[in-house]
file model.cif (mmCIF, C-alpha atoms; chains and numbers go by the auth columns)
data_input
loop_
_atom_site.group_PDB
_atom_site.id
_atom_site.type_symbol
_atom_site.label_atom_id
_atom_site.label_comp_id
_atom_site.label_asym_id
_atom_site.label_seq_id
_atom_site.Cartn_x
_atom_site.Cartn_y
_atom_site.Cartn_z
_atom_site.B_iso_or_equiv
_atom_site.auth_seq_id
_atom_site.auth_asym_id
ATOM 1 C CA MET A 1 -170.984 13.124 95.695 0.00 1 A
ATOM 2 C CA VAL A 2 -168.393 13.388 98.470 0.00 2 A
ATOM 3 C CA LYS A 3 -169.723 12.470 101.921 0.00 3 A
ATOM 4 C CA VAL A 4 -168.183 13.972 105.069 0.00 4 A
ATOM 5 C CA LEU A 5 -168.851 13.130 108.731 0.00 5 A
ATOM 6 C CA PHE A 6 -167.697 15.458 111.529 0.00 6 A
ATOM 7 C CA VAL A 7 -167.153 13.884 114.959 0.00 7 A
ATOM 8 C CA CYS A 8 -166.834 15.213 118.509 0.00 8 A
ATOM 9 C CA THR A 9 -167.771 13.761 121.914 0.00 9 A
ATOM 10 C CA GLY A 10 -171.512 14.337 122.356 0.00 10 A
ATOM 11 C CA ASN A 11 -172.447 15.856 118.989 0.00 11 A
ATOM 12 C CA ILE A 12 -173.958 19.030 120.472 0.00 12 A
ATOM 13 C CA CYS A 13 -171.188 21.656 120.095 0.00 13 A
ATOM 14 C CA ARG A 14 -168.204 21.176 117.810 0.00 14 A
ATOM 15 C CA SER A 15 -169.321 18.602 115.242 0.00 15 A
ATOM 16 C CA PRO A 16 -172.765 20.109 114.529 0.00 16 A
ATOM 17 C CA THR A 17 -171.076 23.499 114.181 0.00 17 A
ATOM 18 C CA ALA A 18 -168.639 21.993 111.670 0.00 18 A
ATOM 19 C CA GLU A 19 -171.483 20.307 109.799 0.00 19 A
ATOM 20 C CA GLY A 20 -173.524 23.509 109.607 0.00 20 A
ATOM 21 C CA VAL A 21 -170.614 25.746 108.645 0.00 21 A
ATOM 22 C CA PHE A 22 -169.400 23.257 106.024 0.00 22 A
ATOM 23 C CA ARG A 23 -172.860 23.040 104.432 0.00 23 A
ATOM 24 C CA HIS A 24 -173.259 26.824 104.530 0.00 24 A
ATOM 25 C CA LEU A 25 -169.909 27.458 102.840 0.00 25 A
ATOM 26 C CA ALA A 26 -170.452 24.628 100.332 0.00 26 A
ATOM 27 C CA ASP A 27 -173.784 26.135 99.317 0.00 27 A
ATOM 28 C CA ARG A 28 -172.264 29.625 98.985 0.00 28 A
ATOM 29 C CA ALA A 29 -169.522 28.215 96.762 0.00 29 A
ATOM 30 C CA GLY A 30 -171.988 26.337 94.576 0.00 30 A
ATOM 31 C CA LEU A 31 -170.795 22.950 95.820 0.00 31 A
ATOM 32 C CA GLY A 32 -173.925 21.910 97.719 0.00 32 A
ATOM 33 C CA SER A 33 -174.852 19.374 95.048 0.00 33 A
ATOM 34 C CA HIS A 34 -171.361 17.849 95.123 0.00 34 A
ATOM 35 C CA VAL A 35 -170.888 17.320 98.867 0.00 35 A
ATOM 36 C CA THR A 36 -172.984 16.144 101.785 0.00 36 A
ATOM 37 C CA ALA A 37 -172.290 16.412 105.491 0.00 37 A
ATOM 38 C CA ASP A 38 -173.426 14.889 108.766 0.00 38 A
ATOM 39 C CA SER A 39 -172.124 14.878 112.316 0.00 39 A
ATOM 40 C CA ALA A 40 -171.979 12.397 115.173 0.00 40 A
ATOM 41 C CA GLY A 41 -170.505 11.852 118.605 0.00 41 A
ATOM 42 C CA THR A 42 -168.184 9.236 120.007 0.00 42 A
ATOM 43 C CA HIS A 43 -170.542 8.904 122.993 0.00 43 A
ATOM 44 C CA SER A 44 -174.325 8.641 123.307 0.00 44 A
ATOM 45 C CA TYR A 45 -174.746 11.279 126.039 0.00 45 A
ATOM 46 C CA HIS A 46 -177.043 13.513 123.981 0.00 46 A
ATOM 47 C CA VAL A 47 -178.579 11.255 121.301 0.00 47 A
ATOM 48 C CA GLY A 48 -181.711 12.864 119.877 0.00 48 A
ATOM 49 C CA GLU A 49 -180.997 16.301 121.359 0.00 49 A
ATOM 50 C CA PRO A 50 -180.500 19.493 119.340 0.00 50 A
ATOM 51 C CA PRO A 51 -177.174 21.334 119.466 0.00 51 A
ATOM 52 C CA ASP A 52 -176.408 23.229 122.671 0.00 52 A
ATOM 53 C CA PRO A 53 -178.393 26.513 122.737 0.00 53 A
ATOM 54 C CA ARG A 54 -175.152 28.515 122.988 0.00 54 A
ATOM 55 C CA THR A 55 -173.846 26.748 119.894 0.00 55 A
ATOM 56 C CA GLN A 56 -177.050 27.510 118.021 0.00 56 A
ATOM 57 C CA ARG A 57 -177.054 31.202 119.022 0.00 57 A
ATOM 58 C CA ALA A 58 -173.437 31.733 118.001 0.00 58 A
ATOM 59 C CA ALA A 59 -173.912 29.958 114.664 0.00 59 A
ATOM 60 C CA LEU A 60 -177.171 31.751 113.863 0.00 60 A
ATOM 61 C CA ALA A 61 -175.459 35.106 114.454 0.00 61 A
ATOM 62 C CA ARG A 62 -173.231 34.134 111.498 0.00 62 A
ATOM 63 C CA GLY A 63 -176.135 32.976 109.342 0.00 63 A
ATOM 64 C CA VAL A 64 -175.814 29.252 110.071 0.00 64 A
ATOM 65 C CA ASP A 65 -179.007 27.581 111.335 0.00 65 A
ATOM 66 C CA LEU A 66 -178.343 24.402 113.338 0.00 66 A
ATOM 67 C CA SER A 67 -181.846 24.018 114.776 0.00 67 A
ATOM 68 C CA ALA A 68 -182.829 20.992 112.662 0.00 68 A
ATOM 69 C CA LEU A 69 -179.778 18.938 113.682 0.00 69 A
ATOM 70 C CA ARG A 70 -180.043 16.153 116.278 0.00 70 A
ATOM 71 C CA ALA A 71 -177.224 14.371 118.065 0.00 71 A
ATOM 72 C CA ARG A 72 -176.366 10.804 117.197 0.00 72 A
ATOM 73 C CA LYS A 73 -173.553 8.398 117.954 0.00 73 A
ATOM 74 C CA VAL A 74 -171.062 7.116 115.381 0.00 74 A
ATOM 75 C CA VAL A 75 -172.069 3.661 114.103 0.00 75 A
ATOM 76 C CA ALA A 76 -170.093 1.001 112.246 0.00 76 A
ATOM 77 C CA ALA A 77 -171.857 1.743 108.943 0.00 77 A
ATOM 78 C CA ASP A 78 -170.469 5.309 109.017 0.00 78 A
ATOM 79 C CA PHE A 79 -167.018 3.944 108.211 0.00 79 A
ATOM 80 C CA THR A 80 -168.195 2.841 104.746 0.00 80 A
ATOM 81 C CA ARG A 81 -171.067 5.309 104.227 0.00 81 A
ATOM 82 C CA PHE A 82 -168.761 8.352 104.387 0.00 82 A
ATOM 83 C CA ASP A 83 -165.664 9.178 102.346 0.00 83 A
ATOM 84 C CA HIS A 84 -164.126 11.321 105.099 0.00 84 A
ATOM 85 C CA ILE A 85 -164.580 11.146 108.859 0.00 85 A
ATOM 86 C CA LEU A 86 -163.077 14.195 110.527 0.00 86 A
ATOM 87 C CA ALA A 87 -162.337 14.270 114.240 0.00 87 A
ATOM 88 C CA MET A 88 -162.381 17.463 116.267 0.00 88 A
ATOM 89 C CA ASP A 89 -159.459 16.367 118.482 0.00 89 A
ATOM 90 C CA HIS A 90 -156.771 13.713 118.841 0.00 90 A
ATOM 91 C CA GLY A 91 -158.823 11.729 121.378 0.00 91 A
ATOM 92 C CA HIS A 92 -161.730 11.437 118.950 0.00 92 A
ATOM 93 C CA LEU A 93 -159.367 10.406 116.164 0.00 93 A
ATOM 94 C CA ALA A 94 -157.805 7.692 118.338 0.00 94 A
ATOM 95 C CA GLN A 95 -161.227 6.395 119.337 0.00 95 A
ATOM 96 C CA LEU A 96 -162.430 6.360 115.728 0.00 96 A
ATOM 97 C CA ARG A 97 -159.367 4.352 114.726 0.00 97 A
ATOM 98 C CA ARG A 98 -160.067 1.879 117.563 0.00 98 A
ATOM 99 C CA ILE A 99 -163.707 1.327 116.633 0.00 99 A
ATOM 100 C CA ALA A 100 -163.314 1.313 112.830 0.00 100 A
ATOM 101 C CA PRO A 101 -164.561 -2.075 111.608 0.00 101 A
ATOM 102 C CA ALA A 102 -162.684 -4.324 109.225 0.00 102 A
ATOM 103 C CA GLY A 103 -163.294 -3.117 105.694 0.00 103 A
ATOM 104 C CA ALA A 104 -163.668 0.532 106.690 0.00 104 A
ATOM 105 C CA THR A 105 -163.136 2.769 103.665 0.00 105 A
ATOM 106 C CA ALA A 106 -163.509 6.279 105.103 0.00 106 A
ATOM 107 C CA ALA A 107 -160.397 8.406 105.457 0.00 107 A
ATOM 108 C CA LEU A 108 -159.903 9.321 109.149 0.00 108 A
ATOM 109 C CA ARG A 109 -158.203 12.646 109.922 0.00 109 A
ATOM 110 C CA LEU A 110 -158.291 15.665 112.164 0.00 110 A
ATOM 111 C CA PHE A 111 -160.722 18.288 110.904 0.00 111 A
ATOM 112 C CA LEU A 112 -158.183 21.118 110.979 0.00 112 A
ATOM 113 C CA ASP A 113 -155.598 19.232 108.909 0.00 113 A
ATOM 114 C CA ASP A 114 -156.896 21.015 105.801 0.00 114 A
ATOM 115 C CA ALA A 115 -156.779 24.485 107.388 0.00 115 A
ATOM 116 C CA SER A 116 -153.605 26.310 106.425 0.00 116 A
ATOM 117 C CA GLY A 117 -151.465 26.922 109.498 0.00 117 A
ATOM 118 C CA LEU A 118 -153.719 24.828 111.756 0.00 118 A
ATOM 119 C CA GLU A 119 -152.652 21.349 110.661 0.00 119 A
ATOM 120 C CA GLY A 120 -152.527 18.903 113.583 0.00 120 A
ATOM 121 C CA GLN A 121 -154.424 21.249 115.894 0.00 121 A
ATOM 122 C CA GLU A 122 -157.663 20.514 117.710 0.00 122 A
ATOM 123 C CA VAL A 123 -160.994 22.301 117.894 0.00 123 A
ATOM 124 C CA PRO A 124 -161.345 22.944 121.653 0.00 124 A
ATOM 125 C CA ASP A 125 -164.513 21.951 123.485 0.00 125 A
ATOM 126 C CA PRO A 126 -166.463 25.119 124.400 0.00 126 A
ATOM 127 C CA TYR A 127 -169.036 23.323 126.587 0.00 127 A
ATOM 128 C CA TYR A 128 -167.711 24.361 130.009 0.00 128 A
ATOM 129 C CA GLY A 129 -166.531 27.837 129.020 0.00 129 A
ATOM 130 C CA GLY A 130 -168.057 31.170 128.122 0.00 130 A
ATOM 131 C CA PRO A 131 -169.344 32.635 124.852 0.00 131 A
ATOM 132 C CA ASP A 132 -165.845 33.295 123.507 0.00 132 A
ATOM 133 C CA GLY A 133 -165.285 29.541 123.230 0.00 133 A
ATOM 134 C CA PHE A 134 -168.233 29.161 120.874 0.00 134 A
ATOM 135 C CA GLU A 135 -166.932 32.011 118.725 0.00 135 A
ATOM 136 C CA GLU A 136 -163.502 30.352 118.586 0.00 136 A
ATOM 137 C CA VAL A 137 -165.116 27.082 117.506 0.00 137 A
ATOM 138 C CA LEU A 138 -166.943 28.912 114.726 0.00 138 A
ATOM 139 C CA ASP A 139 -163.726 30.599 113.571 0.00 139 A
ATOM 140 C CA LEU A 140 -161.938 27.234 113.482 0.00 140 A
ATOM 141 C CA CYS A 141 -164.854 25.509 111.744 0.00 141 A
ATOM 142 C CA GLU A 142 -164.857 28.207 109.076 0.00 142 A
ATOM 143 C CA ALA A 143 -161.112 27.782 108.512 0.00 143 A
ATOM 144 C CA GLY A 144 -161.345 23.982 108.496 0.00 144 A
ATOM 145 C CA SER A 145 -164.348 23.966 106.168 0.00 145 A
ATOM 146 C CA ARG A 146 -162.711 26.363 103.716 0.00 146 A
ATOM 147 C CA GLY A 147 -159.585 24.229 103.603 0.00 147 A
ATOM 148 C CA LEU A 148 -161.575 21.035 103.203 0.00 148 A
ATOM 149 C CA LEU A 149 -163.751 22.483 100.443 0.00 149 A
ATOM 150 C CA ASP A 150 -160.684 23.776 98.626 0.00 150 A
ATOM 151 C CA ARG A 151 -159.064 20.335 98.783 0.00 151 A
ATOM 152 C CA LEU A 152 -162.220 18.458 97.780 0.00 152 A
ATOM 153 C CA SER A 153 -162.781 20.886 94.919 0.00 153 A
ATOM 154 C CA ARG A 154 -159.242 20.334 93.615 0.00 154 A
ATOM 155 C CA GLU A 155 -159.305 16.547 94.045 0.00 155 A
ATOM 156 C CA SER A 156 -162.769 16.064 92.577 0.00 156 A
ATOM 157 C CA ARG A 157 -162.596 18.982 90.163 0.00 157 A
ATOM 158 C CA PHE A 158 -165.793 20.576 91.429 0.00 158 A
ATOM 159 C CA PRO A 159 -166.555 23.945 89.879 0.00 159 A
ATOM 160 C CA ILE A 160 -166.479 26.665 92.553 0.00 160 A
ATOM 161 C CA ARG A 161 -169.043 29.395 91.801 0.00 161 A
ATOM 162 C CA GLU A 162 -167.970 31.798 94.550 0.00 162 A
ATOM 163 C CA SER A 163 -164.789 32.148 96.556 0.00 163 A
ATOM 164 C CA ILE A 164 -164.727 30.054 99.723 0.00 164 A
ATOM 165 C CA GLY A 165 -162.086 32.262 101.315 0.00 165 A
#
call {"tool": "encode", "arguments": {"input": "model.cif", "output": "structure tokens"}}
result
Amino acid sequence: MVKVLFVCTGNICRSPTAEGVFRHLADRAGLGSHVTADSAGTHSYHVGEPPDPRTQRAALARGVDLSALRARKVVAADFTRFDHILAMDHGHLAQLRRIAPAGATAALRLFLDDASGLEGQEVPDPYYGGPDGFEEVLDLCEAGSRGLLDRLSRESRFPIRESIG
């Protein structure tokens, strides 16, 4: 079982979208029993809250239900509990590297590093913008999740039942 944690600032827009999209695509590809996902924030602004309503509406329109998710903050145990911790932007990645405890085993990277043509790019925060921002986040989360699932499938030799692309 490969364990993945997606991280943004408050865990109400980008990282829950990534978690939901990743799970959705993993299930469609027949990989749901091989991977698990969670999401968290670098800050505790929204701990216990569901994803932003705009995030939920946009995701649900694409068949991804985020309603059961609740925001939480990254904790020290995450750095050994998860195999991969994926940051939505460079600031999150820098903060994760600063707070990683001694003995951390999780690989820390940008989420889009596995998306062909998007390596090194960030998932922009849609919080203060309009509906188009939430659609862009979904597009990027789909691309990042497909790339990540492809890589994990190759590295771990998971059998893909249906195309992720």
call {"tool": "closest_residue", "arguments": {"input": "model.cif", "among": "A:Glu135, A:Glu19, A:Asp52, A:Asp89", "to": "Val123 of chain A", "atoms": "only C-alpha atoms"}}
result
A:Asp89
call {"tool": "residues_around", "arguments": {"input": "model.cif", "residues": "Ala18 of chain A", "least_positions_apart": "4", "cutoff": "7 Å", "atoms": "all atoms listed in the file", "output": "ChimeraX atom specification"}}
result
/A:6,14,22,141
call {"tool": "residues_near_point", "arguments": {"input": "model.cif", "point": "(-175.7, 33.6, 114.2)", "cutoff": "12 Å", "atoms": "only C-alpha atoms", "output": "PyMOL selection string"}}
result
chain A and resi 17+20-21+53-67+134-135+138
call {"tool": "resolve_selection", "arguments": {"input": "model.cif", "expression": "the PyMOL selection byres ((chain A and resi 125) around 10)", "output": "list in words"}}
result
Cys8, Thr9, Cys13, Arg14, Met88, Asp89, Glu122, Val123, Pro124, Pro126, Tyr127, Tyr128, Gly129, Gly133, Phe134, Glu136 and Val137 of chain A
call {"tool": "write_last_selection", "arguments": {"input": "model.cif", "atoms": "C-alpha atoms", "output": "CSV table (one decimal), in the coordinates of the input"}}
result
chain,number,residue,atom,x,y,z
A,8,CYS,CA,-166.8,15.2,118.5
A,9,THR,CA,-167.8,13.8,121.9
A,13,CYS,CA,-171.2,21.7,120.1
A,14,ARG,CA,-168.2,21.2,117.8
A,88,MET,CA,-162.4,17.5,116.3
A,89,ASP,CA,-159.5,16.4,118.5
A,122,GLU,CA,-157.7,20.5,117.7
A,123,VAL,CA,-161.0,22.3,117.9
A,124,PRO,CA,-161.3,22.9,121.7
A,126,PRO,CA,-166.5,25.1,124.4
A,127,TYR,CA,-169.0,23.3,126.6
A,128,TYR,CA,-167.7,24.4,130.0
A,129,GLY,CA,-166.5,27.8,129.0
A,133,GLY,CA,-165.3,29.5,123.2
A,134,PHE,CA,-168.2,29.2,120.9
A,136,GLU,CA,-163.5,30.4,118.6
A,137,VAL,CA,-165.1,27.1,117.5
call {"tool": "closest_residue", "arguments": {"input": "model.cif", "among": "A:Gln121, A:Thr36, A:Thr42, A:Asn11", "to": "Leu69 of chain A", "atoms": "only C-alpha atoms"}}
result
A:Asn11
call {"tool": "build_atoms", "arguments": {"input": "model.cif", "residues": "segment 60-74 of chain A", "atoms": "N, CA and C atoms", "output": "mmCIF file, in the coordinates of the input"}}
result
data_model
loop_
_atom_site.group_PDB
_atom_site.id
_atom_site.type_symbol
_atom_site.label_atom_id
_atom_site.label_comp_id
_atom_site.auth_asym_id
_atom_site.auth_seq_id
_atom_site.Cartn_x
_atom_site.Cartn_y
_atom_site.Cartn_z
ATOM 1 N N LEU A 60 -176.115 30.980 114.518
ATOM 2 C CA LEU A 60 -177.171 31.751 113.863
ATOM 3 C C LEU A 60 -176.751 33.207 113.672
ATOM 4 N N ALA A 61 -175.959 33.735 114.590
ATOM 5 C CA ALA A 61 -175.459 35.106 114.454
ATOM 6 C C ALA A 61 -174.579 35.252 113.216
ATOM 7 N N ARG A 62 -174.051 34.125 112.722
ATOM 8 C CA ARG A 62 -173.231 34.134 111.498
ATOM 9 C C ARG A 62 -174.000 33.590 110.299
ATOM 10 N N GLY A 63 -175.306 33.425 110.460
ATOM 11 C CA GLY A 63 -176.135 32.976 109.342
ATOM 12 C C GLY A 63 -176.207 31.478 109.155
ATOM 13 N N VAL A 64 -175.800 30.709 110.167
ATOM 14 C CA VAL A 64 -175.814 29.252 110.071
ATOM 15 C C VAL A 64 -176.854 28.717 111.050
ATOM 16 N N ASP A 65 -177.909 28.106 110.521
ATOM 17 C CA ASP A 65 -179.007 27.581 111.335
ATOM 18 C C ASP A 65 -178.768 26.097 111.631
ATOM 19 N N LEU A 66 -178.596 25.784 112.911
ATOM 20 C CA LEU A 66 -178.343 24.402 113.338
ATOM 21 C C LEU A 66 -179.569 23.760 113.987
ATOM 22 N N SER A 67 -180.693 24.459 113.995
ATOM 23 C CA SER A 67 -181.846 24.018 114.776
ATOM 24 C C SER A 67 -182.425 22.673 114.363
ATOM 25 N N ALA A 68 -182.265 22.268 113.121
ATOM 26 C CA ALA A 68 -182.829 20.992 112.662
ATOM 27 C C ALA A 68 -181.936 19.792 112.991
ATOM 28 N N LEU A 69 -180.707 20.034 113.416
ATOM 29 C CA LEU A 69 -179.778 18.938 113.682
ATOM 30 C C LEU A 69 -180.113 18.248 114.996
ATOM 31 N N ARG A 70 -179.847 16.940 115.059
ATOM 32 C CA ARG A 70 -180.043 16.153 116.278
ATOM 33 C C ARG A 70 -178.826 15.270 116.475
ATOM 34 N N ALA A 71 -178.421 15.149 117.728
ATOM 35 C CA ALA A 71 -177.224 14.371 118.065
ATOM 36 C C ALA A 71 -177.444 12.888 117.809
ATOM 37 N N ARG A 72 -176.381 12.252 117.366
ATOM 38 C CA ARG A 72 -176.366 10.804 117.197
ATOM 39 C C ARG A 72 -174.970 10.304 117.500
ATOM 40 N N LYS A 73 -174.847 9.022 117.688
ATOM 41 C CA LYS A 73 -173.553 8.398 117.954
ATOM 42 C C LYS A 73 -173.015 7.782 116.667
ATOM 43 N N VAL A 74 -171.702 7.782 116.515
ATOM 44 C CA VAL A 74 -171.062 7.116 115.381
ATOM 45 C C VAL A 74 -171.438 5.635 115.406
#
